[in-house]
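Scroll down for the structure; my scribbles are underneath it.
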Amino acid sequence: VEIGFTSAASTAQASITWTDVTADVITAPTISISRGRSTELDTFQAGTASLTLRNTSRNYDPAEAGGSHFGDLLPLRPLRVRQIEAATSYTLFTGYLQGWPQTYAMPKWTEVRIEGVDGWGLLANDVPTPLATTAEETSGLRVGRLLDLDSWPAADRDIDTGIAYLTADVMEGDLTSSLQKVADAEGGAIYMSHTGQVRFEDRIARIRDTRSITS
């Protein structure tokens, strides 16, 4: 488990300075991660992660001036959960923690329950100035222009060009709703990947996927 204590939510994933806090993770309750969608016909929802940190040192207490991270314990700090198998690291979740709530079980025992949400949750809370398009454009280009409204890092996008051409329109409301409208028009899918990238797939993405054409 890693936290980007000095990185803002707008920081590109490759530029985040990660600090390993695994030694302070309490394994009971276990780390809980929820991502994806319930059925093939559902839209993708924001991914979430929950875990508990031991805080007897008070290093994760925003009010503790002597803590090693004092001044950096702010909401929406980057959070990453990875698992190592056979010396290979696999990212399971990349998102942003909601806060630093303190729990006091006994006089000298303190815990912090970390609740994280991925970038899709951040985009859902963003209601930018409506995007008025004046010409026909591909669905992939429309997705890119919508993400530009949020200044979403270009390095954290994985966008297919798209097959559908969309007519001029006014895209308004929260960004996830607008992005989903484009994905529906394409007949594809859009979601936040486990590595923190916005992934837009066109209608034939699965056909191109090697997992669909190899045995």
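Letters A, B, ... mark the chains of the structure tokens in the order given; residue numbers begin at 1 per chain; ligand numbers begin at 1, in order shown.
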
Nearby residues (only C-alpha atoms) at most 7 Å from stretch 43-57 of chain A, same-chain spacing under 3 positions excluded, as an MDAnalysis selection string: chainID A and resid 24:26 30:37 60 108:118 120:121 191

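The set of residues in stretch 10-139 of chain A assigned to alpha helix (DSSP H) by DSSP, using only backbone atoms of this structure, is Gly119, Trp120, Gly121, Leu122, Leu123, Ala124 and Ser139 of chain A.
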
How close does each residue of stretch 29-93 of chain A get to stretch 195-213 of chain A, giving the shortest atom pair and distance in Å to one decimal for every residue with an atom at most 9 Å away, counting only C-alpha atoms, sorted by chain and residue number, as JSON lines?
```
{"residue": "A:Arg80", "atom": "CA", "partner": "A:Thr195", "partner_atom": "CA", "distance": 8.4}
{"residue": "A:Thr91", "atom": "CA", "partner": "A:Thr195", "partner_atom": "CA", "distance": 6.5}
{"residue": "A:Leu92", "atom": "CA", "partner": "A:Thr195", "partner_atom": "CA", "distance": 7.6}
{"residue": "A:Phe93", "atom": "CA", "partner": "A:Thr195", "partner_atom": "CA", "distance": 6.5}
```

Write a file of the just-selected residues containing N, CA and C atoms, as a PDB file, in the first residue's frame.
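Result saved to selection.pdb:
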```pdb
ATOM      1  N   ARG A  80      -2.465   3.917  -3.705  1.00  0.00           N
ATOM      2  CA  ARG A  80      -2.237   2.792  -4.613  1.00  0.00           C
ATOM      3  C   ARG A  80      -2.077   1.498  -3.813  1.00  0.00           C
ATOM      4  N   THR A  91      -0.610  -3.994  -9.883  1.00  0.00           N
ATOM      5  CA  THR A  91      -1.438  -2.930  -9.319  1.00  0.00           C
ATOM      6  C   THR A  91      -2.898  -3.383  -9.284  1.00  0.00           C
ATOM      7  N   LEU A  92      -3.513  -3.259  -8.112  1.00  0.00           N
ATOM      8  CA  LEU A  92      -4.901  -3.661  -7.931  1.00  0.00           C
ATOM      9  C   LEU A  92      -5.851  -2.466  -7.908  1.00  0.00           C
ATOM     10  N   PHE A  93      -5.354  -1.335  -7.423  1.00  0.00           N
ATOM     11  CA  PHE A  93      -6.205  -0.151  -7.286  1.00  0.00           C
ATOM     12  C   PHE A  93      -5.346   1.097  -7.283  1.00  0.00           C
TER      13      PHE A  93
END
```

Show which residues sit within 6 Å of stretch 131-142 of chain A, as a tab-separated table (two decimals) with all heavy atoms, in the first residue's frame. Count only C-alpha atoms, and ignore same-chain residues fewer than 6 positions away.
```tsv
chain	number	residue	atom	x	y	z
A	160	ASP	N	-9.33	4.97	-27.48
A	160	ASP	CA	-9.44	4.51	-28.86
A	160	ASP	C	-9.95	5.67	-29.73
A	160	ASP	O	-10.68	6.55	-29.26
A	160	ASP	CB	-10.43	3.35	-28.97
A	160	ASP	CG	-9.88	2.05	-28.40
A	160	ASP	OD1	-8.66	2.00	-28.13
A	160	ASP	OD2	-10.67	1.11	-28.21
A	161	THR	N	-9.59	5.64	-31.00
A	161	THR	CA	-10.04	6.69	-31.92
A	161	THR	C	-11.56	6.71	-32.02
A	161	THR	O	-12.19	7.77	-32.08
A	161	THR	CB	-9.44	6.48	-33.32
A	161	THR	OG1	-8.01	6.52	-33.21
A	161	THR	CG2	-9.92	7.55	-34.28
A	162	GLY	N	-12.15	5.55	-31.99
A	162	GLY	CA	-13.60	5.46	-32.13
A	162	GLY	C	-14.03	5.25	-33.56
A	162	GLY	O	-13.33	5.66	-34.51
A	164	ALA	N	-17.63	5.64	-34.36
A	164	ALA	CA	-18.78	6.52	-34.56
A	164	ALA	C	-18.33	7.97	-34.75
A	164	ALA	O	-17.38	8.42	-34.11
A	164	ALA	CB	-19.73	6.42	-33.37
A	165	TYR	N	-19.04	8.66	-35.63
A	165	TYR	CA	-18.86	10.11	-35.79
A	165	TYR	C	-20.05	10.78	-35.12
A	165	TYR	O	-21.21	10.49	-35.43
A	165	TYR	CB	-18.76	10.50	-37.25
A	165	TYR	CG	-17.39	10.29	-37.84
A	165	TYR	CD1	-16.98	9.02	-38.28
A	165	TYR	CD2	-16.48	11.33	-37.92
A	165	TYR	CE1	-15.71	8.82	-38.79
A	165	TYR	CE2	-15.20	11.13	-38.44
A	165	TYR	CZ	-14.82	9.87	-38.87
A	165	TYR	OH	-13.56	9.68	-39.37
A	166	LEU	N	-19.76	11.70	-34.19
A	166	LEU	CA	-20.80	12.36	-33.41
A	166	LEU	C	-21.09	13.75	-33.98
A	166	LEU	O	-20.17	14.49	-34.34
A	166	LEU	CB	-20.38	12.47	-31.95
A	166	LEU	CG	-19.91	11.16	-31.29
A	166	LEU	CD1	-19.61	11.42	-29.82
A	166	LEU	CD2	-20.95	10.06	-31.45
A	167	THR	N	-22.35	14.09	-34.03
A	167	THR	CA	-22.75	15.40	-34.55
A	167	THR	C	-22.44	16.48	-33.52
A	167	THR	O	-22.19	16.21	-32.34
A	167	THR	CB	-24.24	15.42	-34.88
A	167	THR	OG1	-24.98	15.11	-33.68
A	167	THR	CG2	-24.57	14.39	-35.94
A	168	ALA	N	-22.50	17.73	-33.95
A	168	ALA	CA	-22.30	18.86	-33.05
A	168	ALA	C	-23.33	18.79	-31.92
A	168	ALA	O	-24.49	18.44	-32.14
A	168	ALA	CB	-22.43	20.17	-33.81
A	169	ASP	N	-22.90	19.13	-30.72
A	169	ASP	CA	-23.78	18.99	-29.57
A	169	ASP	C	-23.28	19.91	-28.46
A	169	ASP	O	-22.18	20.46	-28.53
A	169	ASP	CB	-23.77	17.53	-29.10
A	169	ASP	CG	-24.89	17.21	-28.12
A	169	ASP	OD1	-25.74	18.09	-27.88
A	169	ASP	OD2	-24.92	16.08	-27.61
A	170	VAL	N	-24.09	20.04	-27.43
A	170	VAL	CA	-23.68	20.75	-26.22
A	170	VAL	C	-23.63	19.72	-25.09
A	170	VAL	O	-24.65	19.16	-24.70
A	170	VAL	CB	-24.65	21.89	-25.84
A	170	VAL	CG1	-24.22	22.52	-24.52
A	170	VAL	CG2	-24.71	22.93	-26.95
A	171	MET	N	-22.43	19.45	-24.61
A	171	MET	CA	-22.24	18.48	-23.54
A	171	MET	C	-22.19	19.24	-22.22
A	171	MET	O	-21.32	20.08	-22.00
A	171	MET	CB	-20.93	17.71	-23.75
A	171	MET	CG	-20.75	17.11	-25.14
A	171	MET	SD	-21.92	15.77	-25.50
A	171	MET	CE	-21.36	14.50	-24.37
```

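Going from atom CA of A:Gly95 to atom CA of A:Gly119 covers 5.9 Å.
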
Enumerate, in order of chain and increasing residue number, the residues of stretch 54-106 of chain A with an atom no farther than 9 Å from stretch 3-10 of chain A, each with its shortest atom pair and distance in Å to one decimal, counting only C-alpha atoms, as JSON lines.
```
{"residue": "A:His69", "atom": "CA", "partner": "A:Phe5", "partner_atom": "CA", "distance": 7.2}
{"residue": "A:Asp72", "atom": "CA", "partner": "A:Phe5", "partner_atom": "CA", "distance": 5.6}
{"residue": "A:Leu73", "atom": "CA", "partner": "A:Phe5", "partner_atom": "CA", "distance": 6.7}
{"residue": "A:Leu74", "atom": "CA", "partner": "A:Phe5", "partner_atom": "CA", "distance": 8.1}
{"residue": "A:Leu76", "atom": "CA", "partner": "A:Ala9", "partner_atom": "CA", "distance": 5.8}
{"residue": "A:Arg77", "atom": "CA", "partner": "A:Gly4", "partner_atom": "CA", "distance": 5.9}
{"residue": "A:Pro78", "atom": "CA", "partner": "A:Gly4", "partner_atom": "CA", "distance": 4.9}
{"residue": "A:Leu79", "atom": "CA", "partner": "A:Ile3", "partner_atom": "CA", "distance": 4.7}
{"residue": "A:Arg80", "atom": "CA", "partner": "A:Ile3", "partner_atom": "CA", "distance": 6.4}
{"residue": "A:Val81", "atom": "CA", "partner": "A:Ile3", "partner_atom": "CA", "distance": 8.9}
{"residue": "A:Gly95", "atom": "CA", "partner": "A:Ala9", "partner_atom": "CA", "distance": 8.8}
{"residue": "A:Tyr96", "atom": "CA", "partner": "A:Ala9", "partner_atom": "CA", "distance": 7.1}
{"residue": "A:Leu97", "atom": "CA", "partner": "A:Ile3", "partner_atom": "CA", "distance": 8.7}
```

Residues flagged strand (DSSP E) by DSSP in stretch 2-209 of chain A, as a ChimeraX atom specification: /A:2-3,19-20,25-26,32-34,48-54,78-85,88-97,102-106,109-117,131-132,137-138,157-159,165-166,170-171,189-192,198-201

Selected residue of minimal separation from A:Asn125 among A:Leu175, A:Ala87, A:Ala154, A:Leu147, counting only C-alpha atoms: A:Leu175

Atom pair atom CA of A:Glu64 / atom CA of A:Gln102: separation (Å): 11.7 Å

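Separating atom CA of A:Val1 from atom CA of A:Met192 is a distance of 19.0 Å.
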